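Content type PDB, C-alpha atoms, from the file model00.pdb:
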```pdb
ATOM      1  CA  MET U   1     -85.818 -23.104 132.716  1.00  0.00           C
ATOM      2  CA  GLU U   2     -84.297 -19.964 131.219  1.00  0.00           C
ATOM      3  CA  ASN U   3     -81.880 -22.035 129.129  1.00  0.00           C
ATOM      4  CA  LYS U   4     -84.716 -24.076 127.585  1.00  0.00           C
ATOM      5  CA  LYS U   5     -86.420 -20.976 126.221  1.00  0.00           C
ATOM      6  CA  THR U   6     -83.253 -19.342 124.920  1.00  0.00           C
ATOM      7  CA  ALA U   7     -82.016 -22.580 123.358  1.00  0.00           C
ATOM      8  CA  LYS U   8     -84.952 -22.569 120.931  1.00  0.00           C
ATOM      9  CA  VAL U   9     -84.583 -18.974 119.778  1.00  0.00           C
ATOM     10  CA  PRO U  10     -81.747 -19.611 117.273  1.00  0.00           C
ATOM     11  CA  ILE U  11     -83.858 -22.236 115.489  1.00  0.00           C
ATOM     12  CA  THR U  12     -86.673 -19.736 115.069  1.00  0.00           C
ATOM     13  CA  LYS U  13     -84.284 -17.068 113.814  1.00  0.00           C
ATOM     14  CA  ALA U  14     -82.533 -19.516 111.501  1.00  0.00           C
ATOM     15  CA  SER U  15     -85.814 -20.768 110.029  1.00  0.00           C
ATOM     16  CA  PHE U  16     -86.878 -17.149 109.499  1.00  0.00           C
ATOM     17  CA  PHE U  17     -83.674 -16.481 107.556  1.00  0.00           C
ATOM     18  CA  ILE U  18     -84.212 -19.662 105.547  1.00  0.00           C
ATOM     19  CA  PHE U  19     -87.749 -18.441 104.816  1.00  0.00           C
ATOM     20  CA  LEU U  20     -86.507 -15.032 103.647  1.00  0.00           C
ATOM     21  CA  GLY U  21     -83.799 -16.668 101.559  1.00  0.00           C
ATOM     22  CA  LEU U  22     -86.288 -18.994  99.874  1.00  0.00           C
ATOM     23  CA  VAL U  23     -88.724 -16.138  99.197  1.00  0.00           C
ATOM     24  CA  CYS U  24     -85.942 -14.076  97.617  1.00  0.00           C
ATOM     25  CA  PHE U  25     -84.650 -17.060  95.628  1.00  0.00           C
ATOM     26  CA  PHE U  26     -88.018 -18.187  94.245  1.00  0.00           C
ATOM     27  CA  ASN U  27     -89.274 -14.692  93.489  1.00  0.00           C
ATOM     28  CA  GLY U  28     -85.893 -13.772  91.997  1.00  0.00           C
ATOM     29  CA  ILE U  29     -86.111 -16.736  89.625  1.00  0.00           C
ATOM     30  CA  LEU U  30     -89.646 -15.674  88.706  1.00  0.00           C
ATOM     31  CA  GLY U  31     -88.436 -12.093  88.151  1.00  0.00           C
ATOM     32  CA  LEU U  32     -85.615 -13.325  85.913  1.00  0.00           C
ATOM     33  CA  LEU U  33     -88.036 -15.423  83.878  1.00  0.00           C
ATOM     34  CA  ILE U  34     -90.343 -12.442  83.473  1.00  0.00           C
ATOM     35  CA  SER U  35     -87.618  -9.896  82.663  1.00  0.00           C
ATOM     36  CA  THR U  36     -85.907 -12.164  80.107  1.00  0.00           C
ATOM     37  CA  ARG U  37     -89.329 -12.918  78.608  1.00  0.00           C
ATOM     38  CA  ALA U  38     -88.783 -16.652  79.040  1.00  0.00           C
ATOM     39  CA  ILE U  39     -92.431 -16.740  80.078  1.00  0.00           C
ATOM     40  CA  PRO U  40     -94.945 -14.614  78.157  1.00  0.00           C
ATOM     41  CA  PHE U  41     -96.501 -12.867  81.151  1.00  0.00           C
ATOM     42  CA  THR U  42     -95.880  -9.612  82.991  1.00  0.00           C
ATOM     43  CA  PHE U  43     -95.371  -9.189  86.723  1.00  0.00           C
ATOM     44  CA  LYS U  44     -98.781  -7.507  86.849  1.00  0.00           C
ATOM     45  CA  GLN U  45    -100.270 -10.815  85.694  1.00  0.00           C
ATOM     46  CA  LEU U  46     -98.118 -13.124  87.835  1.00  0.00           C
ATOM     47  CA  TRP U  47     -98.032 -11.340  91.192  1.00  0.00           C
ATOM     48  CA  PRO U  48    -100.299 -14.011  92.774  1.00  0.00           C
ATOM     49  CA  LEU U  49     -97.583 -16.527  91.911  1.00  0.00           C
ATOM     50  CA  CYS U  50     -95.301 -14.580  94.276  1.00  0.00           C
ATOM     51  CA  VAL U  51     -97.911 -15.107  97.002  1.00  0.00           C
ATOM     52  CA  ILE U  52     -97.970 -18.842  96.245  1.00  0.00           C
ATOM     53  CA  LEU U  53     -94.159 -19.014  96.331  1.00  0.00           C
ATOM     54  CA  THR U  54     -94.198 -17.253  99.709  1.00  0.00           C
ATOM     55  CA  GLY U  55     -96.518 -19.916 101.132  1.00  0.00           C
ATOM     56  CA  VAL U  56     -94.352 -22.704  99.730  1.00  0.00           C
ATOM     57  CA  SER U  57     -91.259 -21.021 101.183  1.00  0.00           C
ATOM     58  CA  MET U  58     -92.886 -20.853 104.621  1.00  0.00           C
ATOM     59  CA  PHE U  59     -93.650 -24.575 104.528  1.00  0.00           C
ATOM     60  CA  LEU U  60     -90.145 -25.510 103.315  1.00  0.00           C
ATOM     61  CA  ALA U  61     -88.465 -23.317 105.950  1.00  0.00           C
ATOM     62  CA  SER U  62     -90.454 -25.014 108.697  1.00  0.00           C
ATOM     63  CA  MET U  63     -89.460 -28.439 107.389  1.00  0.00           C
ATOM     64  CA  PHE U  64     -85.772 -27.477 107.270  1.00  0.00           C
ATOM     65  CA  TYR U  65     -85.179 -27.653 111.022  1.00  0.00           C
ATOM     66  CA  THR U  66     -88.017 -29.727 112.407  1.00  0.00           C
ATOM     67  CA  HIS U  67     -88.052 -32.400 109.680  1.00  0.00           C
ATOM     68  CA  ARG U  68     -91.775 -32.804 110.283  1.00  0.00           C
ATOM     69  CA  ILE U  69     -95.007 -30.989 109.587  1.00  0.00           C
ATOM     70  CA  ARG U  70     -95.763 -28.410 112.273  1.00  0.00           C
ATOM     71  CA  SER U  71     -99.239 -26.935 112.455  1.00  0.00           C
ATOM     72  CA  VAL U  72     -97.932 -23.498 113.368  1.00  0.00           C
ATOM     73  CA  TYR U  73     -96.497 -23.261 109.816  1.00  0.00           C
ATOM     74  CA  LEU U  74     -98.722 -25.684 107.896  1.00  0.00           C
ATOM     75  CA  PHE U  75    -102.028 -23.844 108.070  1.00  0.00           C
ATOM     76  CA  PRO U  76    -100.711 -20.333 107.297  1.00  0.00           C
ATOM     77  CA  SER U  77     -98.786 -21.848 104.381  1.00  0.00           C
ATOM     78  CA  ILE U  78    -101.921 -23.521 103.041  1.00  0.00           C
ATOM     79  CA  VAL U  79    -103.964 -20.327 103.428  1.00  0.00           C
ATOM     80  CA  ILE U  80    -101.346 -18.252 101.585  1.00  0.00           C
ATOM     81  CA  VAL U  81    -101.054 -20.789  98.737  1.00  0.00           C
ATOM     82  CA  VAL U  82    -104.841 -21.082  98.388  1.00  0.00           C
ATOM     83  CA  LEU U  83    -105.218 -17.297  98.425  1.00  0.00           C
ATOM     84  CA  GLY U  84    -102.633 -16.924  95.662  1.00  0.00           C
ATOM     85  CA  GLY U  85    -104.230 -19.777  93.725  1.00  0.00           C
ATOM     86  CA  CYS U  86    -107.638 -18.107  93.952  1.00  0.00           C
ATOM     87  CA  LEU U  87    -106.287 -14.749  92.766  1.00  0.00           C
ATOM     88  CA  LEU U  88    -104.164 -16.117  89.899  1.00  0.00           C
ATOM     89  CA  PRO U  89    -107.050 -16.902  87.479  1.00  0.00           C
ATOM     90  CA  PHE U  90    -108.349 -13.344  87.882  1.00  0.00           C
ATOM     91  CA  SER U  91    -104.900 -11.868  87.346  1.00  0.00           C
ATOM     92  CA  LEU U  92    -104.357 -13.944  84.183  1.00  0.00           C
ATOM     93  CA  HIS U  93    -107.898 -13.041  83.004  1.00  0.00           C
ATOM     94  CA  LEU U  94    -108.892 -16.709  82.817  1.00  0.00           C
ATOM     95  CA  ILE U  95    -112.066 -15.674  84.634  1.00  0.00           C
ATOM     96  CA  LYS U  96    -113.562 -12.723  82.798  1.00  0.00           C
ATOM     97  CA  ASP U  97    -115.484 -11.283  85.770  1.00  0.00           C
ATOM     98  CA  SER U  98    -113.802  -9.118  88.372  1.00  0.00           C
ATOM     99  CA  LEU U  99    -113.106 -10.701  91.741  1.00  0.00           C
ATOM    100  CA  SER U 100    -115.920  -8.746  93.415  1.00  0.00           C
ATOM    101  CA  ALA U 101    -118.431  -9.644  90.673  1.00  0.00           C
ATOM    102  CA  PHE U 102    -117.388 -13.299  90.886  1.00  0.00           C
ATOM    103  CA  VAL U 103    -117.812 -13.401  94.677  1.00  0.00           C
ATOM    104  CA  LEU U 104    -121.181 -11.633  94.487  1.00  0.00           C
ATOM    105  CA  LYS U 105    -122.393 -14.117  91.890  1.00  0.00           C
ATOM    106  CA  TRP U 106    -120.928 -17.328  93.337  1.00  0.00           C
ATOM    107  CA  TRP U 107    -120.929 -16.735  97.143  1.00  0.00           C
ATOM    108  CA  PRO U 108    -123.399 -19.581  97.853  1.00  0.00           C
ATOM    109  CA  ALA U 109    -121.230 -22.071  95.946  1.00  0.00           C
ATOM    110  CA  ILE U 110    -118.135 -20.773  97.750  1.00  0.00           C
ATOM    111  CA  LEU U 111    -119.839 -21.361 101.118  1.00  0.00           C
ATOM    112  CA  VAL U 112    -120.830 -24.896 100.069  1.00  0.00           C
ATOM    113  CA  ALA U 113    -117.267 -25.659  98.943  1.00  0.00           C
ATOM    114  CA  VAL U 114    -115.760 -24.329 102.176  1.00  0.00           C
ATOM    115  CA  GLY U 115    -118.263 -26.370 104.190  1.00  0.00           C
ATOM    116  CA  ILE U 116    -117.426 -29.552 102.275  1.00  0.00           C
ATOM    117  CA  VAL U 117    -113.698 -29.007 102.811  1.00  0.00           C
ATOM    118  CA  LEU U 118    -114.217 -28.467 106.551  1.00  0.00           C
ATOM    119  CA  ILE U 119    -116.342 -31.613 106.851  1.00  0.00           C
ATOM    120  CA  ILE U 120    -113.735 -33.665 104.954  1.00  0.00           C
ATOM    121  CA  LEU U 121    -110.984 -32.321 107.231  1.00  0.00           C
ATOM    122  CA  PHE U 122    -113.028 -33.185 110.320  1.00  0.00           C
ATOM    123  CA  ILE U 123    -113.663 -36.735 109.104  1.00  0.00           C
ATOM    124  CA  ALA U 124    -110.012 -37.199 108.142  1.00  0.00           C
ATOM    125  CA  GLN U 125    -108.983 -35.944 111.581  1.00  0.00           C
ATOM    126  CA  GLN U 126    -111.279 -38.415 113.330  1.00  0.00           C
ATOM    127  CA  VAL U 127    -110.157 -41.361 111.185  1.00  0.00           C
ATOM    128  CA  ASN U 128    -106.421 -40.577 111.449  1.00  0.00           C
ATOM    129  CA  HIS U 129    -106.457 -39.230 114.985  1.00  0.00           C
ATOM    130  CA  LYS U 130    -102.875 -40.141 115.911  1.00  0.00           C
ATOM    131  CA  ASP U 131    -101.304 -39.197 112.562  1.00  0.00           C
ATOM    132  CA  PHE U 132    -102.812 -35.753 112.098  1.00  0.00           C
ATOM    133  CA  PRO U 133    -100.158 -33.022 112.481  1.00  0.00           C
ATOM    134  CA  TYR U 134    -102.195 -30.655 114.656  1.00  0.00           C
ATOM    135  CA  MET U 135    -103.649 -33.140 117.133  1.00  0.00           C
ATOM    136  CA  THR U 136    -100.980 -32.395 119.741  1.00  0.00           C
ATOM    137  CA  ASP U 137     -99.570 -29.075 120.863  1.00  0.00           C
ATOM    138  CA  ASP U 138     -96.268 -28.561 119.093  1.00  0.00           C
ATOM    139  CA  SER U 139     -95.632 -24.954 120.060  1.00  0.00           C
ATOM    140  CA  LEU U 140     -92.142 -23.742 120.875  1.00  0.00           C
ATOM    141  CA  VAL U 141     -93.109 -22.461 124.324  1.00  0.00           C
ATOM    142  CA  GLU U 142     -93.118 -25.036 127.082  1.00  0.00           C
ATOM    143  CA  ASP U 143     -95.160 -24.595 130.227  1.00  0.00           C
ATOM    144  CA  ASP U 144     -92.930 -25.766 133.071  1.00  0.00           C
ATOM    145  CA  GLU U 145     -94.732 -23.794 135.760  1.00  0.00           C
TER     146      GLU U 145
END
```
As a first step, turn the structure in this file into structure tokens.
Amino acid sequence: MENKKTAKVPITKASFFIFLGLVCFFNGILGLLISTRAIPFTFKQLWPLCVILTGVSMFLASMFYTHRIRSVYLFPSIVIVVLGGCLLPFSLHLIKDSLSAFVLKWWPAILVAVGIVLIILFIAQQVNHKDFPYMTDDSLVEDDE
């Protein structure tokens, strides 16, 4: 029983190092593009893109060892990418209001959109019950007790 738990630790450590490597690689490329002025934006404008790249790196690192979608990495990755995607238009001044003014003005529409997404996910889960990635427990800890 002790060997089963310790046998899985190197995979977790290795995927963490892959994650850090991907974050450094992607954000380094973005930094090079910004510093060489290959893209006409500053880091102050593109910092949400670093958040998006972090979410993508988390998803790719989880796929490296498991070769499948694991819910323990999928949902945090999606949340991080969506958060960066929501902040990017404000950072690039595509939306003229501030984030707080936008939320105060559009909070009912945001609630409706979140509700629609949750309903669609529920229906998709019910229709594709066996294929959905989070329908079974895929945690690293096994209960052998």
Got a sec to resolve the PyMOL selection byres ((chain U and resi 19-33) around 8) on this structure and send the residues as a PyMOL selection string?
chain U and resi 15-18+34-39+43+50+53-54+57-58+60-61
List as a VMD selection string: which residues have an atom within 12 Å of (-109.3, -16.2, 88.2), counting all atoms listed in the file?
chain U and resid 45 to 46 48 83 to 103
What gap, in Å, lies between atom CA of Tyr73 of chain U and atom CA of Phe59 of chain U?
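Here the two named atoms are 6.1 Å from each other.
Picture a line from atom CA of Ile123 of chain U to atom CA of Val81 of chain U; it runs 22.8 Å.
Here atom CA of Ile52 of chain U is placed at a distance of 7.5 Å from atom CA of Val82 of chain U.
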